[in-house]
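S.K.: Sharing upload.pdb (PDB, C-alpha atoms and all ligand atoms) below.
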ATOM      1  CA  MET A   1     -22.579   2.157 -29.001
ATOM      2  CA  LYS A   2     -20.507  -0.996 -29.247
ATOM      3  CA  LEU A   3     -21.247  -1.328 -32.900
ATOM      4  CA  PHE A   4     -20.243   2.272 -33.411
ATOM      5  CA  LYS A   5     -16.889   1.604 -31.728
ATOM      6  CA  LYS A   6     -16.440  -1.490 -33.806
ATOM      7  CA  MET A   7     -16.926   0.504 -36.950
ATOM      8  CA  ARG A   8     -14.258   2.905 -35.826
ATOM      9  CA  GLY A   9     -11.831   0.028 -35.444
ATOM     10  CA  GLU A  10     -11.201  -1.977 -32.304
ATOM     11  CA  LEU A  11      -7.697  -2.361 -30.970
ATOM     12  CA  SER A  12      -5.960  -5.721 -30.905
ATOM     13  CA  CYS A  13      -4.356  -7.015 -27.707
ATOM     14  CA  ASP A  14      -0.952  -6.077 -29.104
ATOM     15  CA  ASP A  15      -2.157  -2.547 -29.814
ATOM     16  CA  VAL A  16      -3.442  -2.280 -26.267
ATOM     17  CA  MET A  17      -0.212  -3.585 -24.727
ATOM     18  CA  GLU A  18       1.659  -0.947 -26.659
ATOM     19  CA  VAL A  19      -0.323   1.952 -25.259
ATOM     20  CA  LEU A  20      -1.440   0.496 -21.939
ATOM     21  CA  GLN A  21       1.037   2.346 -19.737
ATOM     22  CA  SER A  22       0.414   5.654 -21.475
ATOM     23  CA  TYR A  23      -3.296   5.043 -21.134
ATOM     24  CA  LEU A  24      -3.011   4.364 -17.406
ATOM     25  CA  ASP A  25      -0.979   7.541 -17.058
ATOM     26  CA  GLY A  26      -3.636   9.545 -18.852
ATOM     27  CA  GLU A  27      -1.154  10.324 -21.613
ATOM     28  CA  THR A  28      -3.120   9.084 -24.605
ATOM     29  CA  ASP A  29      -5.549  11.094 -26.690
ATOM     30  CA  ALA A  30      -9.215  10.753 -25.871
ATOM     31  CA  ASP A  31      -9.989   8.581 -28.872
ATOM     32  CA  THR A  32      -7.289   6.038 -28.025
ATOM     33  CA  ALA A  33      -8.332   6.095 -24.375
ATOM     34  CA  ARG A  34     -11.890   5.253 -25.374
ATOM     35  CA  LYS A  35     -10.749   2.367 -27.536
ATOM     36  CA  VAL A  36      -8.471   0.992 -24.822
ATOM     37  CA  ALA A  37     -11.210   1.256 -22.217
ATOM     38  CA  SER A  38     -13.598  -0.567 -24.482
ATOM     39  CA  HIS A  39     -11.045  -3.325 -25.150
ATOM     40  CA  LEU A  40     -10.358  -3.744 -21.431
ATOM     41  CA  ASP A  41     -14.058  -4.188 -20.805
ATOM     42  CA  ASP A  42     -14.126  -7.196 -23.086
ATOM     43  CA  CYS A  43     -10.665  -8.728 -22.757
ATOM     44  CA  THR A  44      -9.783 -10.498 -19.521
ATOM     45  CA  ASP A  45      -6.103 -10.870 -20.349
ATOM     46  CA  CYS A  46      -5.509  -7.216 -21.081
ATOM     47  CA  ASP A  47      -7.648  -6.231 -18.140
ATOM     48  CA  LEU A  48      -5.486  -8.331 -15.834
ATOM     49  CA  GLU A  49      -2.379  -6.755 -17.302
ATOM     50  CA  SER A  50      -3.883  -3.367 -16.625
ATOM     51  CA  SER A  51      -4.567  -4.391 -13.034
ATOM     52  CA  VAL A  52      -0.984  -5.541 -12.582
ATOM     53  CA  TYR A  53       0.329  -2.150 -13.660
ATOM     54  CA  GLN A  54      -2.127  -0.324 -11.458
ATOM     55  CA  ASN A  55      -1.140  -2.457  -8.507
ATOM     56  CA  ILE A  56       2.496  -1.690  -9.196
ATOM     57  CA  ARG A  57       1.766   2.014  -9.158
ATOM     58  CA  VAL A  58      -0.148   1.827  -5.884
ATOM     59  CA  SER A  59       2.505  -0.370  -4.345
ATOM     60  CA  LEU A  60       5.237   2.087  -5.325
ATOM     61  CA  SER A  61       3.372   5.040  -3.960
ATOM     62  CA  VAL A  62       2.596   3.270  -0.703
ATOM     63  CA  ASN A  63       6.096   1.998  -0.134
ATOM     64  CA  LYS A  64       8.347   4.467  -1.836
ATOM     65  CA  ALA A  65       6.512   7.756  -1.809
ATOM     66  CA  PRO A  66       7.842  10.290   0.643
ATOM     67  CA  ILE A  67       6.089  10.204   3.981
ATOM     68  CA  ASP A  68       4.330  13.337   5.139
ATOM     69  CA  PRO A  69       6.588  14.538   7.991
ATOM     70  CA  VAL A  70       3.639  16.220   9.703
ATOM     71  CA  VAL A  71       1.789  12.920   9.977
ATOM     72  CA  LEU A  72       4.883  11.131  11.174
ATOM     73  CA  ASP A  73       5.500  13.870  13.769
ATOM     74  CA  SER A  74       1.984  13.666  15.072
ATOM     75  CA  LEU A  75       2.260   9.884  15.341
ATOM     76  CA  ARG A  76       5.562  10.288  17.188
ATOM     77  CA  HIS A  77       3.930  12.746  19.541
ATOM     78  CA  PHE A  78       1.113  10.284  20.097
ATOM     79  CA  GLY A  79       3.626   7.492  20.715
ATOM     80  CA  GLU A  80       5.462   9.584  23.305
ATOM     81  CA  ARG A  81       2.252  10.213  25.181
ATOM     82  CA  VAL A  82       1.434   6.506  25.096
ATOM     83  CA  SER A  83       4.918   5.822  26.350
ATOM     84  CA  ARG A  84       4.376   8.087  29.364
ATOM     85  CA  GLY A  85       1.144   6.247  30.112
ATOM     86  CA  GLU A  86      -0.920   9.322  29.286
ATOM     87  CA  ILE A  87      -3.202   7.504  26.875
ATOM     88  CA  ASP A  88      -4.711   4.085  27.105
TER      89      ASP A  88
ATOM     90  CA  MET B   1      -1.237  -9.553  48.482
ATOM     91  CA  THR B   2      -0.634 -10.070  44.818
ATOM     92  CA  ARG B   3      -1.643  -7.438  42.400
ATOM     93  CA  PRO B   4      -2.982  -8.120  38.928
ATOM     94  CA  GLU B   5      -0.523  -6.967  36.320
ATOM     95  CA  SER B   6      -2.970  -4.387  35.174
ATOM     96  CA  GLU B   7      -1.849  -1.016  33.915
ATOM     97  CA  ALA B   8      -4.862   0.462  35.673
ATOM     98  CA  GLU B   9      -3.103  -0.075  39.000
ATOM     99  CA  GLU B  10      -0.544   2.653  39.189
ATOM    100  CA  SER B  11      -1.017   3.986  42.660
ATOM    101  CA  ASP B  12       1.992   2.546  44.467
ATOM    102  CA  ALA B  13       5.735   2.455  44.091
ATOM    103  CA  SER B  14       5.991  -0.922  42.381
ATOM    104  CA  ALA B  15       3.409   0.093  39.827
ATOM    105  CA  GLU B  16       5.367   3.250  39.159
ATOM    106  CA  ALA B  17       8.559   1.280  38.712
ATOM    107  CA  ALA B  18       6.768  -1.059  36.326
ATOM    108  CA  SER B  19       5.470   1.900  34.420
ATOM    109  CA  ALA B  20       8.934   3.449  34.183
ATOM    110  CA  ALA B  21      10.236   0.147  32.804
ATOM    111  CA  SER B  22       7.410   0.089  30.270
ATOM    112  CA  THR B  23       8.215   3.617  29.185
ATOM    113  CA  GLU B  24      11.848   2.740  28.712
ATOM    114  CA  ALA B  25      11.121  -0.444  26.782
ATOM    115  CA  PHE B  26       8.537   1.325  24.655
ATOM    116  CA  ASN B  27      10.980   4.110  23.805
ATOM    117  CA  ARG B  28      13.690   1.624  22.946
ATOM    118  CA  TYR B  29      11.741  -0.926  20.920
ATOM    119  CA  VAL B  30       8.624   0.749  19.580
ATOM    120  CA  LEU B  31       9.257   4.386  18.740
ATOM    121  CA  PRO B  32      12.203   3.694  16.394
ATOM    122  CA  GLU B  33       9.885   1.556  14.242
ATOM    123  CA  LEU B  34       7.315   4.279  13.776
ATOM    124  CA  GLU B  35       7.993   4.917  10.108
ATOM    125  CA  VAL B  36       7.895   1.216   9.265
ATOM    126  CA  LEU B  37       4.639   0.957  11.137
ATOM    127  CA  TYR B  38       3.133   3.873   9.272
ATOM    128  CA  ARG B  39       4.240   2.626   5.854
ATOM    129  CA  THR B  40       2.902  -0.823   6.614
ATOM    130  CA  ALA B  41      -0.345   0.650   7.857
ATOM    131  CA  ARG B  42      -0.740   2.591   4.630
ATOM    132  CA  SER B  43      -0.163  -0.576   2.709
ATOM    133  CA  LEU B  44      -2.688  -2.523   4.775
ATOM    134  CA  THR B  45      -5.401   0.116   4.833
ATOM    135  CA  ARG B  46      -4.783   1.862   1.505
ATOM    136  CA  ASN B  47      -6.022   5.022   3.133
ATOM    137  CA  ALA B  48      -4.097   7.731   4.998
ATOM    138  CA  THR B  49      -6.624   8.339   7.787
ATOM    139  CA  ASP B  50      -7.181   4.654   8.472
ATOM    140  CA  ALA B  51      -3.428   4.203   8.466
ATOM    141  CA  GLU B  52      -2.993   6.766  11.227
ATOM    142  CA  ASP B  53      -5.742   5.135  13.280
ATOM    143  CA  LEU B  54      -4.165   1.748  12.800
ATOM    144  CA  VAL B  55      -0.746   2.985  13.923
ATOM    145  CA  GLN B  56      -2.267   4.585  17.016
ATOM    146  CA  ASP B  57      -4.148   1.410  17.825
ATOM    147  CA  THR B  58      -0.948  -0.586  17.355
ATOM    148  CA  LEU B  59       1.010   1.742  19.647
ATOM    149  CA  LEU B  60      -1.581   1.387  22.388
ATOM    150  CA  ARG B  61      -1.632  -2.394  22.092
ATOM    151  CA  ALA B  62       2.151  -2.494  22.084
ATOM    152  CA  TYR B  63       2.292  -0.418  25.248
ATOM    153  CA  ARG B  64      -0.125  -2.726  27.023
ATOM    154  CA  ALA B  65       1.899  -5.766  25.986
ATOM    155  CA  ILE B  66       5.387  -4.341  26.354
ATOM    156  CA  ASP B  67       6.060  -5.931  29.773
ATOM    157  CA  ARG B  68       5.599  -9.337  28.184
ATOM    158  CA  PHE B  69       7.902  -8.600  25.243
ATOM    159  CA  ASP B  70      11.334 -10.215  25.453
ATOM    160  CA  GLY B  71      13.107  -7.603  23.329
ATOM    161  CA  ARG B  72      13.837  -9.869  20.383
ATOM    162  CA  TYR B  73      12.715  -8.923  16.866
ATOM    163  CA  PRO B  74      10.756  -5.813  17.787
ATOM    164  CA  LYS B  75       9.726  -5.189  14.195
ATOM    165  CA  ALA B  76       8.201  -8.636  13.763
ATOM    166  CA  TRP B  77       6.516  -8.343  17.139
ATOM    167  CA  LEU B  78       5.042  -4.958  16.234
ATOM    168  CA  LEU B  79       3.882  -6.074  12.807
ATOM    169  CA  THR B  80       2.088  -9.016  14.381
ATOM    170  CA  ILE B  81       0.332  -6.628  16.720
ATOM    171  CA  MET B  82      -0.573  -4.427  13.773
ATOM    172  CA  ARG B  83      -1.875  -7.372  11.807
ATOM    173  CA  ASN B  84      -4.179  -8.365  14.642
ATOM    174  CA  ALA B  85      -5.284  -4.792  15.161
ATOM    175  CA  ASN B  86      -6.095  -4.548  11.482
ATOM    176  CA  ILE B  87      -8.113  -7.775  11.469
ATOM    177  CA  ASN B  88     -10.053  -6.405  14.384
ATOM    178  CA  ARG B  89     -10.624  -3.154  12.566
ATOM    179  CA  ALA B  90     -11.877  -4.952   9.462
ATOM    180  CA  ARG B  91     -14.294  -6.952  11.623
ATOM    181  CA  LYS B  92     -15.667  -3.846  13.239
ATOM    182  CA  LYS B  93     -16.096  -2.225   9.862
ATOM    183  CA  LYS B  94     -17.968  -5.152   8.394
ATOM    184  CA  PRO B  95     -21.522  -4.071   9.271
ATOM    185  CA  ASP B  96     -21.083  -0.756   7.416
ATOM    186  CA  LEU B  97     -20.005  -2.563   4.332
ATOM    187  CA  LEU B  98     -23.363  -4.235   3.886
ATOM    188  CA  ASP B  99     -24.456  -1.243   1.868
ATOM    189  CA  ASP B 100     -21.393  -1.322  -0.314
ATOM    190  CA  PRO B 101     -20.916  -3.117  -3.629
ATOM    191  CA  GLU B 102     -20.447  -6.847  -3.308
ATOM    192  CA  LEU B 103     -16.810  -6.868  -4.232
ATOM    193  CA  THR B 104     -15.738  -4.582  -1.450
ATOM    194  CA  PHE B 105     -17.809  -6.589   0.946
ATOM    195  CA  GLU B 106     -16.385  -9.907  -0.118
ATOM    196  CA  ARG B 107     -12.849  -8.645  -0.007
ATOM    197  CA  SER B 108     -13.215  -7.260   3.443
ATOM    198  CA  VAL B 109     -14.911 -10.344   4.803
ATOM    199  CA  GLU B 110     -12.249 -12.464   3.245
ATOM    200  CA  PHE B 111      -9.608 -10.315   4.818
ATOM    201  CA  ALA B 112     -11.181 -10.321   8.232
ATOM    202  CA  GLU B 113     -12.097 -13.953   8.489
ATOM    203  CA  THR B 114      -9.940 -16.127   6.383
ATOM    204  CA  SER B 115      -6.938 -13.959   6.731
ATOM    205  CA  GLY B 116      -4.744 -16.884   7.427
ATOM    206  CA  PRO B 117      -1.245 -16.948   6.042
ATOM    207  CA  GLU B 118      -1.962 -16.335   2.338
ATOM    208  CA  GLU B 119      -4.088 -13.250   2.670
ATOM    209  CA  ILE B 120      -1.597 -11.647   5.016
ATOM    210  CA  VAL B 121       1.411 -12.724   3.036
ATOM    211  CA  THR B 122       0.198 -11.592  -0.366
ATOM    212  CA  ASP B 123       0.523  -7.910   0.352
ATOM    213  CA  PRO B 124       4.044  -7.935   1.744
ATOM    214  CA  MET B 125       5.241 -10.345  -0.953
ATOM    215  CA  PHE B 126       3.887  -8.294  -3.807
ATOM    216  CA  ASP B 127       5.199  -5.092  -2.290
ATOM    217  CA  ALA B 128       8.576  -6.593  -1.478
ATOM    218  CA  SER B 129       8.945  -7.792  -5.040
ATOM    219  CA  VAL B 130       8.021  -4.373  -6.445
ATOM    220  CA  ILE B 131      10.493  -2.700  -4.114
ATOM    221  CA  ASP B 132      13.272  -5.131  -5.024
ATOM    222  CA  ALA B 133      12.769  -4.515  -8.712
ATOM    223  CA  PHE B 134      12.502  -0.756  -8.204
ATOM    224  CA  ASP B 135      15.702  -0.638  -6.160
ATOM    225  CA  ALA B 136      17.496  -2.629  -8.845
ATOM    226  CA  LEU B 137      16.689  -0.077 -11.564
ATOM    227  CA  SER B 138      19.486   2.040 -12.967
ATOM    228  CA  ASN B 139      19.475   5.696 -11.932
ATOM    229  CA  ASP B 140      18.050   6.912 -15.227
ATOM    230  CA  PHE B 141      15.173   4.495 -14.984
ATOM    231  CA  ARG B 142      14.483   4.974 -11.304
ATOM    232  CA  GLN B 143      14.460   8.723 -11.737
ATOM    233  CA  VAL B 144      11.587   8.748 -14.216
ATOM    234  CA  VAL B 145       9.570   6.352 -12.081
ATOM    235  CA  GLU B 146      10.086   8.661  -9.126
ATOM    236  CA  LEU B 147       9.044  11.729 -11.081
ATOM    237  CA  VAL B 148       5.951  10.215 -12.656
ATOM    238  CA  ASP B 149       4.725   7.566 -10.226
ATOM    239  CA  LEU B 150       5.819   9.029  -6.913
ATOM    240  CA  ASN B 151       5.595  12.744  -7.630
ATOM    241  CA  GLY B 152       2.736  12.623 -10.096
ATOM    242  CA  LEU B 153       4.374  14.552 -12.930
ATOM    243  CA  ALA B 154       3.121  14.330 -16.485
ATOM    244  CA  TYR B 155       5.527  12.967 -19.107
ATOM    245  CA  GLN B 156       6.211  16.457 -20.451
ATOM    246  CA  GLU B 157       6.886  17.865 -16.987
ATOM    247  CA  ALA B 158       9.338  15.071 -16.257
ATOM    248  CA  ALA B 159      10.995  15.694 -19.616
ATOM    249  CA  ASP B 160      11.359  19.416 -18.854
ATOM    250  CA  ILE B 161      12.946  18.757 -15.482
ATOM    251  CA  LEU B 162      15.370  16.208 -16.874
ATOM    252  CA  GLY B 163      16.083  18.187 -20.030
ATOM    253  CA  VAL B 164      15.386  15.200 -22.301
ATOM    254  CA  PRO B 165      12.769  14.641 -25.020
ATOM    255  CA  VAL B 166       9.394  13.414 -23.891
ATOM    256  CA  GLY B 167       9.921  10.249 -25.927
ATOM    257  CA  THR B 168      12.952   9.454 -23.775
ATOM    258  CA  VAL B 169      10.914   9.808 -20.604
ATOM    259  CA  MET B 170       8.239   7.572 -22.022
ATOM    260  CA  SER B 171      10.605   4.862 -23.158
ATOM    261  CA  ARG B 172      12.582   4.830 -19.888
ATOM    262  CA  LEU B 173       9.450   4.860 -17.799
ATOM    263  CA  HIS B 174       7.747   2.084 -19.710
ATOM    264  CA  ARG B 175      10.834  -0.091 -19.735
ATOM    265  CA  ALA B 176      11.390   0.510 -16.028
ATOM    266  CA  ARG B 177       7.858  -0.508 -15.150
ATOM    267  CA  ARG B 178       8.066  -3.425 -17.525
ATOM    268  CA  ARG B 179      11.057  -4.675 -15.523
ATOM    269  CA  ILE B 180       9.119  -4.417 -12.306
ATOM    270  CA  ARG B 181       6.230  -6.195 -13.953
ATOM    271  CA  ASP B 182       8.481  -8.970 -15.288
ATOM    272  CA  HIS B 183      10.074  -9.355 -11.886
ATOM    273  CA  LEU B 184       6.617  -9.970 -10.448
ATOM    274  CA  GLY B 185       5.974 -12.502 -13.181
ATOM    275  CA  GLU B 186       9.169 -14.359 -12.405
ATOM    276  CA  HIS B 187       7.942 -14.746  -8.853
ATOM    277  CA  GLY B 188       4.450 -15.777  -9.864
ATOM    278  CA  LEU B 189       2.969 -12.622  -8.385
ATOM    279  CA  ASP B 190       1.202 -11.389 -11.505
ATOM    280  CA  SER B 191      -1.984 -13.415 -11.241
ATOM    281  CA  GLU B 192      -5.340 -12.079 -10.198
ATOM    282  CA  ALA B 193      -5.079 -13.783  -6.805
ATOM    283  CA  ASN B 194      -1.807 -12.081  -6.016
ATOM    284  CA  LEU B 195      -2.820  -8.528  -6.721
ATOM    285  CA  PRO B 196      -3.002  -6.961  -3.271
ATOM    286  CA  ARG B 197      -5.328  -4.184  -4.316
ATOM    287  CA  GLY B 198      -7.481  -6.433  -6.417
ATOM    288  CA  SER B 199      -8.475  -5.766  -9.956
ATOM    289  CA  THR B 200     -11.333  -3.454  -9.154
ATOM    290  CA  MET B 201      -9.389  -0.292  -9.714
ATOM    291  CA  LYS B 202     -10.806   0.796 -13.019
ATOM    292  CA  ASP B 203     -12.064   4.014 -11.529
ATOM    293  CA  VAL B 204      -8.638   5.250 -10.571
ATOM    294  CA  VAL B 205      -7.342   5.633 -14.097
ATOM    295  CA  VAL B 206      -6.317   9.223 -14.442
ATOM    296  CA  GLY B 207      -6.456  11.821 -17.149
ATOM    297  CA  SER B 208      -7.963  11.611 -20.580
ATOM    298  CA  ALA B 209      -9.505   8.206 -20.011
ATOM    299  CA  SER B 210     -12.780   9.691 -18.884
TER     300      SER B 210
HETATM  301 ZN    ZN A 301      -6.764  -7.907 -25.083
END
Would you give me this structure, written as structure tokens?

M.R.:
Amino acid sequence: MKLFKKMRGELSCDDVMEVLQSYLDGETDADTARKVASHLDDCTDCDLESSVYQNIRVSLSVNKAPIDPVVLDSLRHFGERVSRGEID
Amino acid sequence: MTRPESEAEESDASAEAASAASTEAFNRYVLPELEVLYRTARSLTRNATDAEDLVQDTLLRAYRAIDRFDGRYPKAWLLTIMRNANINRARKKKPDLLDDPELTFERSVEFAETSGPEEIVTDPMFDASVIDAFDALSNDFRQVVELVDLNGLAYQEAADILGVPVGTVMSRLHRARRRIRDHLGEHGLDSEANLPRGSTMKDVVVGSAS
């Protein structure tokens, strides 16, 4: 399998850096995605870079994504009951 | 006769007065911080259900401790309570994790037991740096990050909404994220050890990768 990929041309680190964000967004074609995935398996540097971008995305969604008002309401309701000593 | 300051004792007038004071203090100091608590809980647990549980646990602990709170820095006080609640939660969870892959196990043990300053600080520092860099983006840049990363749109969908070519979306988005990434680098937060969600996220890659 690896040899097969090799024959089809492995990507260099520069190639990977160029398409990494698109790859992580699922915006590359399947062939490129396969090559990037295979490179990331073998290359620690690019893999770390990939992790950094993924962590950025998670961090943004945790901190900046809109909060579900239903969840916040139910927590507020819970807090009000705690406040009245109804739950402990 | 002296009574223990226990919230279980609420049968007489002084206990009722104490409870009214607790209610008032709780409403003043705790409830306004609810959104911060929930966001922080999501960041700590990385899971919506666990986050709700953690907030509830924190609220209960805060209520029990509110008569000893001096009213200064409520947010810091609450986040400390949440941190302890979360460490406790991780400890309780530990036995279940024995069946899980090593990495998860190690991470959770590390979090529960050695979560001294660094382990606690890493998350907020990484997140704070990302937020700083995000907030500093120009409108055009921030907009595409919002559409793609926060609302989950594909490049083409974002392009349609903005009425710009898909190449424009891609270039703005990639440059915007690159700035966030560089900002992390400038603060030394781009090493393996500083990634709050670890580097074991290969499975979450979306789309055509599979
Ligand atoms: Zn590489």

S.K.: List all protein, DNA and RNA residues that have any atom at most 12 Å from ligand ZN 301 (chain A), counting all atoms listed in the file, and write the list as an MDAnalysis selection string.

M.R.: chainID A and resid 10:20 35:50

S.K.: Write out as a ChimeraX atom specification each polymer residue whose atoms come within 10 Å of B:Glu186, counting only C-alpha atoms; drop sequence neighbours fewer than 5 positions from it.

M.R.: /B:129,180-181

S.K.: If the PyMOL selection byres ((chain A and not hetatm) within 8 of (chain B)) is run on the structure shown, which residues does it catch, given as a compact mmCIF listing (two decimals) with C-alpha atoms, in the frame of the given file?

M.R.:
# COMPACT_ATOMS: atom_id res chain seq x y z
CA GLN A 21 1.04 2.35 -19.74
CA TYR A 23 -3.30 5.04 -21.13
CA LEU A 24 -3.01 4.36 -17.41
CA ASP A 25 -0.98 7.54 -17.06
CA GLY A 26 -3.64 9.54 -18.85
CA GLU A 27 -1.15 10.32 -21.61
CA THR A 28 -3.12 9.08 -24.60
CA ASP A 29 -5.55 11.09 -26.69
CA ALA A 30 -9.22 10.75 -25.87
CA ALA A 33 -8.33 6.10 -24.38
CA ARG A 34 -11.89 5.25 -25.37
CA ALA A 37 -11.21 1.26 -22.22
CA LEU A 48 -5.49 -8.33 -15.83
CA SER A 51 -4.57 -4.39 -13.03
CA VAL A 52 -0.98 -5.54 -12.58
CA TYR A 53 0.33 -2.15 -13.66
CA GLN A 54 -2.13 -0.32 -11.46
CA ASN A 55 -1.14 -2.46 -8.51
CA ILE A 56 2.50 -1.69 -9.20
CA ARG A 57 1.77 2.01 -9.16
CA SER A 59 2.50 -0.37 -4.34
CA LEU A 60 5.24 2.09 -5.32
CA SER A 61 3.37 5.04 -3.96
CA VAL A 62 2.60 3.27 -0.70
CA ASN A 63 6.10 2.00 -0.13
CA LYS A 64 8.35 4.47 -1.84
CA ALA A 65 6.51 7.76 -1.81
CA PRO A 66 7.84 10.29 0.64
CA VAL A 71 1.79 12.92 9.98
CA LEU A 72 4.88 11.13 11.17
CA LEU A 75 2.26 9.88 15.34
CA ARG A 76 5.56 10.29 17.19
CA PHE A 78 1.11 10.28 20.10
CA GLY A 79 3.63 7.49 20.72
CA GLU A 80 5.46 9.58 23.30
CA VAL A 82 1.43 6.51 25.10
CA SER A 83 4.92 5.82 26.35
CA ARG A 84 4.38 8.09 29.36
CA GLY A 85 1.14 6.25 30.11
CA ILE A 87 -3.20 7.50 26.88
CA ASP A 88 -4.71 4.08 27.10

S.K.: Could you jot down the atom CA of B:Asp132 to atom CA of B:Ala176 separation for me, Å, one decimal place?

M.R.: 12.5 Å

S.K.: Suppose you want the space between atom CA of B:Trp77 and atom CA of A:Val70; what is it in Å?

M.R.: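 Here the two named atoms are 25.8 Å from each other.
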
S.K.: Any idea what the distance is between atom CA of B:Ala85 and atom CA of B:Thr45?

M.R.: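 About the pair atom CA of B:Ala85 and atom CA of B:Thr45: they are 11.4 Å apart.
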
S.K.: Padding of 4 Å on every side, edges along x, y and z, all listed atoms of stretch 178-187 of chain B included: what centre and edge lengths in Å, to one decimal, does that box have, as lines of an AutoDock Vina configuration file?

M.R.:
center_x = 8.5
center_y = -9.1
center_z = -13.2
size_x = 13.1
size_y = 19.3
size_z = 16.7
